[in-house]
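Report on one structure; see the data block that follows.
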Amino acid sequence: MQKISSKFKATVSAVAVLAVLSGVYGFRKLQALAAGPDGEKNCRTANSEDQGRADIEKVRAIAPLQGVKWSQLGGTINDASCLNKTEIYGVVEVRSIDDIAKTLAFARDNKLSVTTAGVRHSMGGHAFRKGGIVLDMRTFNSIALNESARTVTVQPGATWHDIQNALHPRYAVRAMQSSDIFTVGGSISVNAHGMDHQAGALARSLKAMKVMLADGTVKIVSRNENKELFDLVVGGYGLFGVIVEAELDIADNVVYQTGRRMLDYKEFPALFAGEIEKDRNIGLMYGHLSTAPSSFLKEMLLYTYTKVDGSDFDRKPLGDVAGIKLRRLTVNLSKQGPLFQEMKWFSEKHIEHRMENCTVTRAQAIGSAEACLVSRNDPMHDSVPYLRNALPDDADILHEYFIPRSQFASFIDGARKIMTDNKTNLLNASVRVVHQEENFLTYAPEPAFSLVLYINQVADDEGNRQMRRTTEQLIDLTLAHNGRFFLPYQLYYSREQLKRSYPQIHAFFAAKRKYDPAGLFTNTFYQKYGA
């Protein structure tokens with residue numbers, strides 16, 4: 001469920017200079033900062049907040065269901081924040097619709113709760129609940145292309161990475177996040193959005209779904225059939241049923257010329273309205289705001305991908321990201337203080353574009369000075385392995401805020417003050433575009449700009465308190481600007497903040513009880529705010 005805030009394009013030269021000149025960190029320290037995790041990361045100190053009162057011993061006494069594959073019985077589960085370790089009944093590795101139906105029947109009979117999970121990038125327990133059964137959908141992942149209909153039909157555990165590989169080189173995904181690690185089921189459950197400012201959020205390219213309800217029946221839902229349920233499942237955080245299939249529109253894998261420009265953040269709304277929004281050839285775009293102390297949230301790098309006419313192009317196969325350890329080192333060095341934050345922003349401004357990976361070439365080359373060309377799939381084909389680390393006292397947390405477009409500059413000014421006052425260790429700040437969305441629990445009741453924050457914190461109780469304080473203040477700022485905050489992240493908001501941001505929340509919870517009166521589908525988010 002849920003989204004990575006940005007691609008951190010680290011450079012070999014910047015890392016080498018820092019490693020040689022800093023003298024602050026020894027070789028062992030640099031090794032630790034560059035190392036990846038050995039398996040799933042669990043921070044030493046989990047979030048101390050109570051995550052439920054389930055009688056876990058009673059739950060453990062229930063004999064497991066036979067006929068499905070349990071990849072885990074008992075034990076704990078966590079999410080990408082590494083701060084929400086939670087005891088569960090177990091994890092079912094889903095391989096068929098029958099596995100889902102059997103598990104739901106077992107849960108109903110034994111009064112257990114059920115959640116669905118993909119890569120678990122939501123950070124508030126949205127994919128699990130204390131004492132519950134987790135349906136691991138990642139092995140339920142078939143992909144079928146229908147070229148005549150220009151659609152792809154997928155099972156919910158399919159990742160965007162695998163879908164891109166299946167579509168390339170002729171076709172591309174129409175709407176997804178800026179990185180490809182997520183599953184389709186998770187993306188639908190949060191109504192994810194990404195770089196394509198024309199396509200809007202995922203709901204706009206979702207033609208239909210098959211959803212298994214709490215009683216085991218399967219419904220076809222779309223804008224024309226069972227529309228109420230469609231609007232509830234999209235952005236419904238898995239509370240209304242299990243998505244068992246989704247049909248998605250696809251796009252041509254067009255060729256883009258990459259572009260970038262530096263501007264003041266205050267110039268962006270007018271630039272977008274006067275130029276980018278009107279140019280239908282600009283197919284993808286996003287902005288990065290400075291995280292360097294000297295220009296904090298003031299300078300902005302705007303990245304654009306403009307369609308190039310012509311058919312004489314050779315598209316290279318999609319490749320995985322290279323230089324993972326060096327990229328990870330750059331990200332983790334930027335957590336160490338102002339010098340490294342300045343160097344990281346300097347690198348993005350002046351070095352990275354010179355090392356661009358241009359993946360499309362003309363059949364007949366016309367010279368080395370030709371602009372950098374990429375296919376539509378390329379910018380989003382990144383599973384961001386360099387954002388995963390083995391630092392046991394370290395957690396990287398996502399936030400996202402949706403602000404009416406006229407309020408953008410004022411909101412950025414307020415966010416800058418809040419994060420400066422709280423000494424927030426901001427790793428990345430991305431700006432994207434969203435349209436008005438019509439799903440039930442919409443984060444965009446009007447066209448908005450999205451600010452995606454990637455924040456580092458110490459993984460202890462004091463770090464949690466600081467993050468809670470910063471989150472509460474950013475949400476109050478968002479409300480003061482008539483905006484909304486994204487719900488897949490940490491549960492540090494009050495019931496009152498939730499109600500003010502999403503005035504339809506009580507109707508959403510009432511619909512939940514209508515479709516699932518026994519509360520079979522329950523997660524930590526619903527347990528805290530809706531039960």
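For the structure tokens, the naming scheme is as follows: chains receive sequential letters (A, B, ...) according to their order of presentation, residues are indexed from 1 within each chain, and ligands are indexed from 1 in presentation order.
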Subject >> Shell around A:His353 at 10 Å using only C-alpha atoms, local window under 3 positions removed, as a list in words >> reply: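 Answer for this query is Lys9, Thr11, Thr258, Gly259, Arg260, Ser347, Glu348, Lys349, His350, Glu356, Asn357 and Cys372 of chain A.
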Output file for the selection above: C-alpha atoms, as a PDB file, in the first residue's frame:
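The resulting file, result-v1.pdb, is shown below:
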```pdb
ATOM      1  CA  LYS A   9      20.484   9.274  -7.726  1.00  0.00           C
ATOM      2  CA  THR A  11      27.074   9.668  -7.830  1.00  0.00           C
ATOM      3  CA  THR A 258      14.759  14.220 -20.382  1.00  0.00           C
ATOM      4  CA  GLY A 259      14.872  17.777 -19.083  1.00  0.00           C
ATOM      5  CA  ARG A 260      15.657  19.589 -15.860  1.00  0.00           C
ATOM      6  CA  SER A 347      25.635  16.570  -6.447  1.00  0.00           C
ATOM      7  CA  GLU A 348      22.024  16.510  -7.622  1.00  0.00           C
ATOM      8  CA  LYS A 349      22.287  20.035  -8.997  1.00  0.00           C
ATOM      9  CA  HIS A 350      25.625  19.798 -10.766  1.00  0.00           C
ATOM     10  CA  GLU A 356      22.263  10.057 -16.890  1.00  0.00           C
ATOM     11  CA  ASN A 357      21.508   6.575 -18.194  1.00  0.00           C
ATOM     12  CA  CYS A 372      19.279  12.004 -23.559  1.00  0.00           C
TER      13      CYS A 372
END
```
**OP:** Assign secondary structure with DSSP using the backbone only, and return the residues of stretch 114-350 of chain A in alpha helix (DSSP H) as a PyMOL selection string.
**Re:** chain A and resi 160-167+184-190+227-233+268-271+324-333+338-350
List the neighbours of stretch 63-76 of chain A out to 7 Å using only C-alpha atoms; skip same-chain residues closer than 6 positions along the sequence, and give me the result as a PDB file with N, CA, C and O atoms, in the first residue's frame.
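So result.pdb came out as:
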```
ATOM      1  N   LYS A  85       6.572  -3.708  15.094  1.00  0.00           N
ATOM      2  CA  LYS A  85       6.583  -5.151  15.299  1.00  0.00           C
ATOM      3  C   LYS A  85       5.327  -5.566  16.059  1.00  0.00           C
ATOM      4  O   LYS A  85       5.014  -5.026  17.114  1.00  0.00           O
ATOM      5  N   THR A  86       4.589  -6.536  15.496  1.00  0.00           N
ATOM      6  CA  THR A  86       3.278  -6.913  16.021  1.00  0.00           C
ATOM      7  C   THR A  86       3.125  -8.435  16.020  1.00  0.00           C
ATOM      8  O   THR A  86       3.449  -9.090  15.028  1.00  0.00           O
ATOM      9  N   GLU A  87       2.603  -8.974  17.117  1.00  0.00           N
ATOM     10  CA  GLU A  87       2.338 -10.407  17.198  1.00  0.00           C
ATOM     11  C   GLU A  87       1.103 -10.759  16.370  1.00  0.00           C
ATOM     12  O   GLU A  87       0.087 -10.069  16.432  1.00  0.00           O
ATOM     13  N   ILE A  88       1.193 -11.854  15.617  1.00  0.00           N
ATOM     14  CA  ILE A  88       0.082 -12.260  14.763  1.00  0.00           C
ATOM     15  C   ILE A  88      -0.194 -13.752  14.938  1.00  0.00           C
ATOM     16  O   ILE A  88       0.616 -14.490  15.505  1.00  0.00           O
ATOM     17  N   TYR A  89      -1.342 -14.199  14.425  1.00  0.00           N
ATOM     18  CA  TYR A  89      -1.650 -15.627  14.409  1.00  0.00           C
ATOM     19  C   TYR A  89      -0.764 -16.338  13.387  1.00  0.00           C
ATOM     20  O   TYR A  89      -0.227 -17.414  13.642  1.00  0.00           O
ATOM     21  N   GLY A  90      -0.620 -15.768  12.208  1.00  0.00           N
ATOM     22  CA  GLY A  90       0.215 -16.391  11.190  1.00  0.00           C
ATOM     23  C   GLY A  90       0.041 -15.742   9.837  1.00  0.00           C
ATOM     24  O   GLY A  90      -0.768 -14.822   9.659  1.00  0.00           O
ATOM     25  N   VAL A  91       0.826 -16.231   8.861  1.00  0.00           N
ATOM     26  CA  VAL A  91       0.829 -15.707   7.503  1.00  0.00           C
ATOM     27  C   VAL A  91       0.538 -16.837   6.532  1.00  0.00           C
ATOM     28  O   VAL A  91       1.228 -17.863   6.539  1.00  0.00           O
ATOM     29  N   VAL A  92      -0.488 -16.650   5.695  1.00  0.00           N
ATOM     30  CA  VAL A  92      -0.823 -17.607   4.642  1.00  0.00           C
ATOM     31  C   VAL A  92      -0.219 -17.121   3.331  1.00  0.00           C
ATOM     32  O   VAL A  92      -0.435 -15.982   2.924  1.00  0.00           O
ATOM     33  N   GLU A  93       0.530 -17.989   2.681  1.00  0.00           N
ATOM     34  CA  GLU A  93       1.110 -17.667   1.377  1.00  0.00           C
ATOM     35  C   GLU A  93       0.077 -17.999   0.306  1.00  0.00           C
ATOM     36  O   GLU A  93      -0.143 -19.158  -0.031  1.00  0.00           O
ATOM     37  N   ASP A  99      -7.325 -20.557  -1.823  1.00  0.00           N
ATOM     38  CA  ASP A  99      -6.587 -20.289  -0.581  1.00  0.00           C
ATOM     39  C   ASP A  99      -7.235 -19.146   0.197  1.00  0.00           C
ATOM     40  O   ASP A  99      -7.342 -19.189   1.429  1.00  0.00           O
ATOM     41  N   PHE A 106     -12.090 -19.997   7.633  1.00  0.00           N
ATOM     42  CA  PHE A 106     -11.409 -20.369   8.875  1.00  0.00           C
ATOM     43  C   PHE A 106     -11.430 -19.204   9.866  1.00  0.00           C
ATOM     44  O   PHE A 106     -11.696 -19.386  11.070  1.00  0.00           O
TER      45      PHE A 106
END
```
**OP:** Using DSSP on the backbone coordinates, identify the residues of stretch 352-448 of chain A assigned to strand (DSSP E or B); present them as a list in words.
**Re:**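 DSSP on the backbone gives strand (DSSP E or B) at Val360, Thr361, Arg362, Leu373, Val374, Ser375, Asp394, Ala395, Asp396, Ile397, Leu398, His399, Glu400, Tyr401, Phe402, Ile403, Pro404, Asn425, Leu426, Leu427, Asn428, Ala429, Ser430, Val431, Arg432, Val433, Val434 and Ala448 of chain A.
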Keeping only N, CA, C and O atoms, write the selected residues to a file as a CSV table (one decimal), in the first residue's frame.
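Printed below is part-v9.csv as written:
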```
chain,number,residue,atom,x,y,z
A,360,VAL,N,17.6,4.9,-24.7
A,360,VAL,CA,17.0,4.8,-26.0
A,360,VAL,C,18.0,5.4,-27.0
A,360,VAL,O,18.5,6.5,-26.8
A,361,THR,N,18.2,4.7,-28.1
A,361,THR,CA,19.1,5.2,-29.2
A,361,THR,C,18.4,5.2,-30.5
A,361,THR,O,17.5,4.4,-30.7
A,362,ARG,N,18.8,6.1,-31.4
A,362,ARG,CA,18.2,6.1,-32.7
A,362,ARG,C,18.8,4.9,-33.5
A,362,ARG,O,19.9,4.5,-33.3
A,373,LEU,N,17.7,10.3,-24.3
A,373,LEU,CA,16.4,9.8,-24.5
A,373,LEU,C,16.1,8.5,-23.7
A,373,LEU,O,17.0,7.7,-23.5
A,374,VAL,N,14.9,8.4,-23.2
A,374,VAL,CA,14.5,7.2,-22.4
A,374,VAL,C,13.1,6.8,-22.8
A,374,VAL,O,12.4,7.6,-23.4
A,375,SER,N,12.8,5.6,-22.5
A,375,SER,CA,11.4,5.1,-22.8
A,375,SER,C,10.6,5.4,-21.5
A,375,SER,O,11.1,5.7,-20.4
A,394,ASP,N,18.0,3.2,13.2
A,394,ASP,CA,17.7,4.2,12.2
A,394,ASP,C,16.4,3.8,11.5
A,394,ASP,O,16.2,2.6,11.1
A,395,ALA,N,15.5,4.7,11.3
A,395,ALA,CA,14.2,4.5,10.6
A,395,ALA,C,14.0,5.6,9.6
A,395,ALA,O,14.2,6.8,10.0
A,396,ASP,N,13.6,5.3,8.4
A,396,ASP,CA,13.3,6.3,7.4
A,396,ASP,C,11.8,6.3,7.1
A,396,ASP,O,11.2,5.2,6.8
A,397,ILE,N,11.1,7.4,7.3
A,397,ILE,CA,9.7,7.5,7.4
A,397,ILE,C,9.1,8.4,6.3
A,397,ILE,O,9.6,9.5,6.0
A,398,LEU,N,8.0,7.9,5.7
A,398,LEU,CA,7.3,8.7,4.6
A,398,LEU,C,6.2,9.5,5.2
A,398,LEU,O,5.5,9.1,6.1
A,399,HIS,N,6.0,10.7,4.6
A,399,HIS,CA,4.9,11.5,4.9
A,399,HIS,C,4.4,12.0,3.5
A,399,HIS,O,5.2,12.1,2.5
A,400,GLU,N,3.1,12.3,3.4
A,400,GLU,CA,2.6,13.0,2.1
A,400,GLU,C,1.5,13.9,2.5
A,400,GLU,O,0.6,13.5,3.2
A,401,TYR,N,1.5,15.1,1.9
A,401,TYR,CA,0.5,16.1,2.1
A,401,TYR,C,0.0,16.6,0.8
A,401,TYR,O,0.8,16.9,-0.2
A,402,PHE,N,-1.4,16.8,0.7
A,402,PHE,CA,-2.0,17.2,-0.6
A,402,PHE,C,-2.6,18.6,-0.3
A,402,PHE,O,-3.4,18.8,0.5
A,403,ILE,N,-2.1,19.6,-1.1
A,403,ILE,CA,-2.4,21.0,-0.9
A,403,ILE,C,-3.0,21.6,-2.1
A,403,ILE,O,-2.5,21.4,-3.2
A,404,PRO,N,-4.1,22.4,-1.9
A,404,PRO,CA,-4.7,23.1,-3.1
A,404,PRO,C,-3.6,23.9,-3.8
A,404,PRO,O,-2.7,24.5,-3.1
A,425,ASN,N,15.4,15.7,10.3
A,425,ASN,CA,16.4,15.2,9.3
A,425,ASN,C,15.7,14.8,8.0
A,425,ASN,O,15.4,13.6,7.9
A,426,LEU,N,15.5,15.7,7.1
A,426,LEU,CA,14.8,15.5,5.9
A,426,LEU,C,15.8,15.0,4.8
A,426,LEU,O,16.7,15.7,4.5
A,427,LEU,N,15.5,13.8,4.3
A,427,LEU,CA,16.3,13.2,3.3
A,427,LEU,C,15.9,13.6,1.9
A,427,LEU,O,16.7,13.7,1.0
A,428,ASN,N,14.6,13.8,1.7
A,428,ASN,CA,14.1,14.1,0.3
A,428,ASN,C,12.8,14.7,0.4
A,428,ASN,O,12.0,14.4,1.3
A,429,ALA,N,12.5,15.7,-0.5
A,429,ALA,CA,11.2,16.3,-0.6
A,429,ALA,C,10.8,16.4,-2.1
A,429,ALA,O,11.5,17.1,-2.8
A,430,SER,N,9.8,15.6,-2.4
A,430,SER,CA,9.4,15.6,-3.8
A,430,SER,C,8.0,16.3,-4.0
A,430,SER,O,7.2,16.2,-3.1
A,431,VAL,N,7.8,16.9,-5.1
A,431,VAL,CA,6.6,17.6,-5.5
A,431,VAL,C,6.0,16.9,-6.7
A,431,VAL,O,6.7,16.6,-7.7
A,432,ARG,N,4.7,16.5,-6.6
A,432,ARG,CA,4.0,15.9,-7.7
A,432,ARG,C,2.6,16.5,-7.8
A,432,ARG,O,2.2,17.4,-7.0
A,433,VAL,N,1.9,16.1,-8.8
A,433,VAL,CA,0.6,16.7,-9.2
A,433,VAL,C,-0.5,15.7,-9.1
A,433,VAL,O,-0.3,14.5,-9.5
A,434,VAL,N,-1.6,16.0,-8.4
A,434,VAL,CA,-2.8,15.1,-8.4
A,434,VAL,C,-4.0,15.9,-8.9
A,434,VAL,O,-4.1,17.1,-8.7
A,448,ALA,N,-4.6,19.3,-6.8
A,448,ALA,CA,-3.7,19.7,-5.7
A,448,ALA,C,-2.3,19.4,-6.1
A,448,ALA,O,-2.0,18.7,-7.1
```
Subject >> Pick from A:Leu213, A:Ile324, A:Ala270, A:Ile282 nearest to A:Phe240, counting only C-alpha atoms >> reply: A:Leu213
**OP:** Please provide as an NGL selection string all residues within 9 Å of A:Gly319, with the sequence filter that same-chain residues fewer than 5 positions apart are discarded (counting only C-alpha atoms).
**Re:** :A and (378 or 381-382)
Could you turn the residues from that selection into a file that holds N, CA and C atoms, as a CSV table (one decimal), in the first residue's frame?
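result01.csv written:
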```csv
chain,number,residue,atom,x,y,z
A,378,ASP,N,11.4,3.5,-18.3
A,378,ASP,CA,12.7,3.6,-17.7
A,378,ASP,C,12.7,4.4,-16.4
A,381,HIS,N,11.3,2.3,-13.5
A,381,HIS,CA,11.8,0.9,-13.3
A,381,HIS,C,13.0,1.0,-12.3
A,382,ASP,N,12.6,1.2,-11.0
A,382,ASP,CA,13.6,1.3,-10.0
A,382,ASP,C,13.0,0.7,-8.7
```
**OP:** Find the residues near A:Gln341: any atom within 8 Å, counting only C-alpha atoms, skip ones fewer than 5 places away on the same chain, and give them as a VMD selection string.
**Re:** chain A and resid 291 to 293 333 to 336
